[in-house]
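Visitor: Below you will find the structure I want to go over with you.
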There are 2 protein chains.
Amino acid sequence: MVKMKDVAELAGVSSAAVSRYLNGGYISADKAERIKQAIELTGYVRSSQARALRTGSTKLIGVIVPKINSESVSRITAGIGQVLGRRGYQMLLANTDNAADRELEYLDLFQNHPVDGIVLVATMITDEHRRAIESCRVPIVLIGQNVEGAACVYHDDYEAAFELGHALAGRVDGKIAYIGVTEEDRAAGYDRRRGFEAGLRAAGNPLDAALIRLGSFTLDSGYGAARELLSVDPDVSFIACATDTMAAGALRAIDEVRGMGEGIHRVSGFGDNAFLRALTGGIPTVHYGYLTSGVEATNMLLNTLDGVEGESGLKTLKLGHQLMNV
Amino acid sequence: MVKMKDVAELAGVSSAAVSRYLNGGYISADKAERIKQAIELTGYVRSSQARALRTGSTKLIGVIVPKINSESVSRITAGIGQVLGRRGYQMLLANTDNAADRELEYLDLFQNHPVDGIVLVATMITDEHRRAIESCRVPIVLIGQNVEGAACVYHDDYEAAFELGHALAGRVDGKIAYIGVTEEDRAAGYDRRRGFEAGLRAAGNPLDAALIRLGSFTLDSGYGAARELLSVDPDVSFIACATDTMAAGALRAIDEVRGMGEGIHRVSGFGDNAFLRALTGGIPTVHYGYLTSGVEATNMLLNTLDGVEGESGLKTLKLGHQLMNV
DNA sequence: TATTATGGTGAAAGCGATTTCAATGACAGG
DNA sequence: CCTGTCATTGAAATCGCTTTCACCATAATA
């Protein structure tokens, strides 16, 4: 492995000069040229490990996600990766498989170890999380939740759910049921349910608390909850879900119990899943710019790290949403 | 930041002793105990950068994927991450967005830089790829393609497509069309099309070459190709696709042109997508153990790196498949 | 002419670990 | 008592880079 010293010798300069050449310090034109040639000749690449040890910066960003194989998360991740690549950073990906404690574990691992910054695609935010975020040694940005005191890029789930509920209230005859997710997930659990309820109520068609069920983000859990709802109360004619994935499960349940329908105006979701859109013609749902949230969050983080002036540093950013098919 | 020397001083030993304690060298019981206490007291964690510089190993694995937001890839990635986490490695994720040149770029970046090994979720394998893989400084495993001379974990797309074609040939009345992907993708493009054609032919119902179209892995491209097929030949009654995603697009096209049907026995795909399964009741498709392929490939790679004896090192591994809904 | 700046330069001091090496004391065998 | 093992030990050398620092020309200023 050719190292800096070799290049320096070949170019007839000191390794300090080579380092300066590489990092843009004082260097005369002719030596710069000789160094450039020597580098090309030897195929030298600098050891990021040595550089990291010396400078303390690794050009690595830790990305913590709750589950990689979900459409929303993988879109966010795509956005993050896009910006990271463009700006010369690399992504250290940690998948917690929805286990909050592994989230903390990685948060720990990352800051003690090699990353310059962290993007946390957040679900549950416990007090322990808040503490860990607070005491984080490197800059950190959250995606998907709005947490006081931390930089966040999020969508207004309450508002979106309110609008969805309000819009739906009038167009559904029969009872509306709701399949949510754990309220520990403030955004997808608490905010969406409360917003939806408030929207229905505002439209004069309040949600029957007996028709609320809890799913676990999966298609199967949506299916199971829907089956139960349909068997408990045959008057249920519409099932609103906290995610499109669960809505797909609910749809299957409805198909099984009631026969195939035209697929729309029987369930609603969140996320505007492409498959659901194509295969059902479009259920009422909320479109979020997932990719954008990854992009925005990452730009924010890197601006702080690179000290880009004029550009905004860490702050909280609310992104817009769009009601679909209502 | 507390360093090894601090721990050593507190414990009244040399830093060499602390290093030995950490790495399992000769150390007496009482000193071990004192070091243990000192570490707990100070909250010392060792700098992976310094360690990496000295040992040359980063405990980082580079993972190159063509696109993160696709079900198959994200399942594979989940499998990779699972093993990596369990075995004390971390994942450096590079998303090439389906650009073959960025694949090469990352291959380069990774081996010059900080990773101990590479998992390449492969699509197109050009000669340049082959050369890059050949000359790779670190161990590398491919997923999804079977390339001579490289360690590969793959599915037998030809065989699966053959079986699918053969099974389908008898049950479809009317013409069968095919939407494939670029044949530069040997597995998903070339093998699937050829296998499917051979299966149909073997069953005495050969594919009309005029009814073959090319998509680009996306739902929309499946939709577009299907629209065209349906307008070109009204006798087309079944559209086989190289991926479930394109099949979903084709299904939407069929729905639009011919009205909603019962959703099955009109298209087929590859990948056994969960949404498709739930929303259509199940189209004929091939189930691959994507997660398993990630797991197997990563275990193989880490076995080589860690020098696990008894366990298999780098080799090529063909995984099974399963026909669904035929 | 006497002083400052100013662009350029290399030697050398780290960054925080791992690992070689020679030295130590204890202890069994002769 | 002497010698050879053997488990332990710390000093010191690296790993490959960045960065300070002192220093040197040369140009600009007084």
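By convention in this document, the chains of the structure tokens carry letters A, B, ... by their order, each chain's residues are numbered from 1, and ligands are numbered from 1 in the order they are shown.
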Do me a favour and pick out the residues of chain C within 12 Å of chain B, using only C-alpha atoms (C1' of nucleotides), as a list in words.

Guide: DC15, DG16, DA17, DT18, DT19 and DT20 of chain C

Visitor: If DSSP is run on the backbone, what residues of range 45-162 of chain A are strand (DSSP E)? A reply as a list in words would be ideal.

Guide: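 Filtering range 45-162 of chain A to strand (DSSP E) leaves Leu60, Ile61, Gly62, Val63, Ile64, Val65, Gln90, Met91, Leu92, Leu93, Ala94, Asn95, Gly117, Ile118, Val119, Leu120, Val121, Ile140, Val141, Leu142, Ile143, Ala151, Cys152, Val153, Tyr154 and His155 of chain A.
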
Visitor: Generate a file of the selected residues that holds C-alpha atoms, formatted as a compact mmCIF listing (two decimals), in the first residue's frame.

Guide:
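Output file result_25.txt follows:
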# COMPACT_ATOMS: atom_id res chain seq x y z
CA LEU A 60 -19.39 8.91 8.12
CA ILE A 61 -22.99 9.61 9.05
CA GLY A 62 -24.88 7.14 11.18
CA VAL A 63 -28.41 6.47 10.02
CA ILE A 64 -30.71 4.67 12.41
CA VAL A 65 -33.91 3.26 11.00
CA GLN A 90 -20.89 7.79 3.56
CA MET A 91 -23.79 6.14 5.30
CA LEU A 92 -23.44 3.82 8.25
CA LEU A 93 -26.81 2.12 8.40
CA ALA A 94 -28.25 0.64 11.55
CA ASN A 95 -31.52 -1.22 11.48
CA GLY A 117 -23.33 13.02 12.72
CA ILE A 118 -26.52 11.02 13.10
CA VAL A 119 -29.85 10.86 11.33
CA LEU A 120 -32.46 9.11 13.42
CA VAL A 121 -35.60 7.97 11.68
CA ILE A 140 -28.19 14.72 15.27
CA VAL A 141 -31.34 15.21 13.23
CA LEU A 142 -34.62 13.39 13.75
CA ILE A 143 -36.96 12.43 10.96
CA ALA A 151 -33.63 19.26 15.30
CA CYS A 152 -36.50 17.56 13.52
CA VAL A 153 -37.80 17.13 10.01
CA TYR A 154 -41.35 15.94 10.26
CA HIS A 155 -44.80 15.91 8.77

Visitor: Pick out the chain A residues within 9 Å of chain B. Count only C-alpha atoms. Give them as a PyMOL selection string.

Guide: chain A and resi 45-50+52-54+56+58+60+67-78+81-82+85+90-95+97+112-114+219+245+248-249+251-253+255+260+262-263+274-276+278-281

Visitor: Sorted by chain and rising residue number, which residues of chain C lie within 10 Å of range 1-13 of chain D, and what are their closest atom pairs and distances in Å to one decimal, counting only C-alpha atoms (C1' of nucleotides), as a tab-separated table?

Guide:
residue	atom	partner	partner_atom	distance
C:DT19	C1'	D:DA13	C1'	8.9
C:DT20	C1'	D:DA13	C1'	8.2
C:DC21	C1'	D:DA12	C1'	9.3
C:DA22	C1'	D:DA11	C1'	9.7
C:DA23	C1'	D:DT9	C1'	8.5
C:DT24	C1'	D:DT9	C1'	7.6
C:DG25	C1'	D:DT8	C1'	9.1
C:DA26	C1'	D:DC6	C1'	9.1
C:DC27	C1'	D:DT5	C1'	8.8
C:DA28	C1'	D:DT5	C1'	8.6
C:DG29	C1'	D:DG4	C1'	9.0
C:DG30	C1'	D:DT3	C1'	8.7

Visitor: Take the residues that were just selected and, keeping C-alpha atoms (C1' of nucleotides), output them as an mmCIF file, in the first residue's frame.

Guide:
data_model
loop_
_atom_site.group_PDB
_atom_site.id
_atom_site.type_symbol
_atom_site.label_atom_id
_atom_site.label_comp_id
_atom_site.auth_asym_id
_atom_site.auth_seq_id
_atom_site.Cartn_x
_atom_site.Cartn_y
_atom_site.Cartn_z
ATOM 1 C "C1'" DT C 19 2.425 -5.476 19.329
ATOM 2 C "C1'" DT C 20 7.176 -6.646 19.558
ATOM 3 C "C1'" DC C 21 10.764 -7.255 22.676
ATOM 4 C "C1'" DA C 22 13.564 -7.844 26.407
ATOM 5 C "C1'" DA C 23 13.231 -8.359 31.198
ATOM 6 C "C1'" DT C 24 11.266 -10.137 35.372
ATOM 7 C "C1'" DG C 25 10.134 -13.335 39.099
ATOM 8 C "C1'" DA C 26 8.466 -17.872 40.278
ATOM 9 C "C1'" DC C 27 8.994 -22.466 40.177
ATOM 10 C "C1'" DA C 28 10.026 -27.314 38.728
ATOM 11 C "C1'" DG C 29 13.686 -30.475 37.591
ATOM 12 C "C1'" DG C 30 18.394 -31.925 37.778
#

Visitor: So the first atom is CA of Gly271 in chain B and the second is CA of Gly195 in chain B; what is the distance between them in Å, to one decimal place?

Guide: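 So the answer is 15.6 Å.
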
Visitor: Compile a residue-level contact table for chain D against chain A at a cut-off of 8 Å, reporting for every qualifying residue the shortest atom pair and its distance in Å to one decimal, with only C-alpha atoms (C1' of nucleotides) counted, rows ordered by chain and ascending number, as a tab-separated table.

Guide:
residue	atom	partner	partner_atom	distance
D:DC15	C1'	A:Ala50	CA	7.7
D:DG16	C1'	A:Ala50	CA	5.1
D:DC17	C1'	A:Ala50	CA	5.1
D:DT18	C1'	A:Arg54	CA	6.1

Visitor: Check the DSSP output for the backbone and give back, as a ChimeraX atom specification, the residues of range 6-111 of chain B in alpha helix (DSSP H).

Guide: /B:6-11,15-23,29-42,48-55,71-86,100-111

Visitor: What gap, in Å, lies between CA of Thr292 in chain B and CA of Gly269 in chain B?

Guide: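 These atoms are spaced 20.0 Å apart.
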
Visitor: Skipping near chain neighbours, those fewer than 4 positions away, what residues fall within 10 Å of DG8 in chain C using only C-alpha atoms (C1' of nucleotides), listed as a compact mmCIF listing (two decimals) with N, CA and C atoms (P, O5', C5', C4', C3', O3' and C1' of nucleotides), in the first residue's frame?

Guide:
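The new file out_25.txt reads:
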# COMPACT_ATOMS: atom_id res chain seq x y z
N ALA A 17 4.13 18.66 2.52
CA ALA A 17 3.74 19.33 1.29
C ALA A 17 2.62 18.57 0.58
N GLY A 25 -3.53 23.68 1.12
CA GLY A 25 -2.75 24.67 1.86
C GLY A 25 -1.76 25.34 0.93
N TYR A 26 -0.83 26.06 1.47
CA TYR A 26 0.18 26.73 0.66
C TYR A 26 1.01 25.72 -0.10
N ILE A 27 1.05 25.86 -1.38
CA ILE A 27 1.92 25.00 -2.17
C ILE A 27 2.23 25.71 -3.49
N SER A 28 3.46 25.66 -3.93
CA SER A 28 3.81 26.35 -5.18
C SER A 28 3.35 25.52 -6.37
P DC D 24 16.69 30.58 8.59
O5' DC D 24 16.39 30.65 7.03
C5' DC D 24 16.01 29.45 6.35
C4' DC D 24 15.35 29.82 5.04
C3' DC D 24 15.93 31.08 4.39
O3' DC D 24 16.18 30.81 3.02
C1' DC D 24 13.59 31.23 4.53
P DA D 25 17.50 31.33 2.34
O5' DA D 25 17.04 31.62 0.84
C5' DA D 25 16.61 32.92 0.55
C4' DA D 25 15.25 32.86 -0.07
C3' DA D 25 15.01 34.09 -0.95
O3' DA D 25 14.81 33.66 -2.29
C1' DA D 25 13.23 33.77 0.65
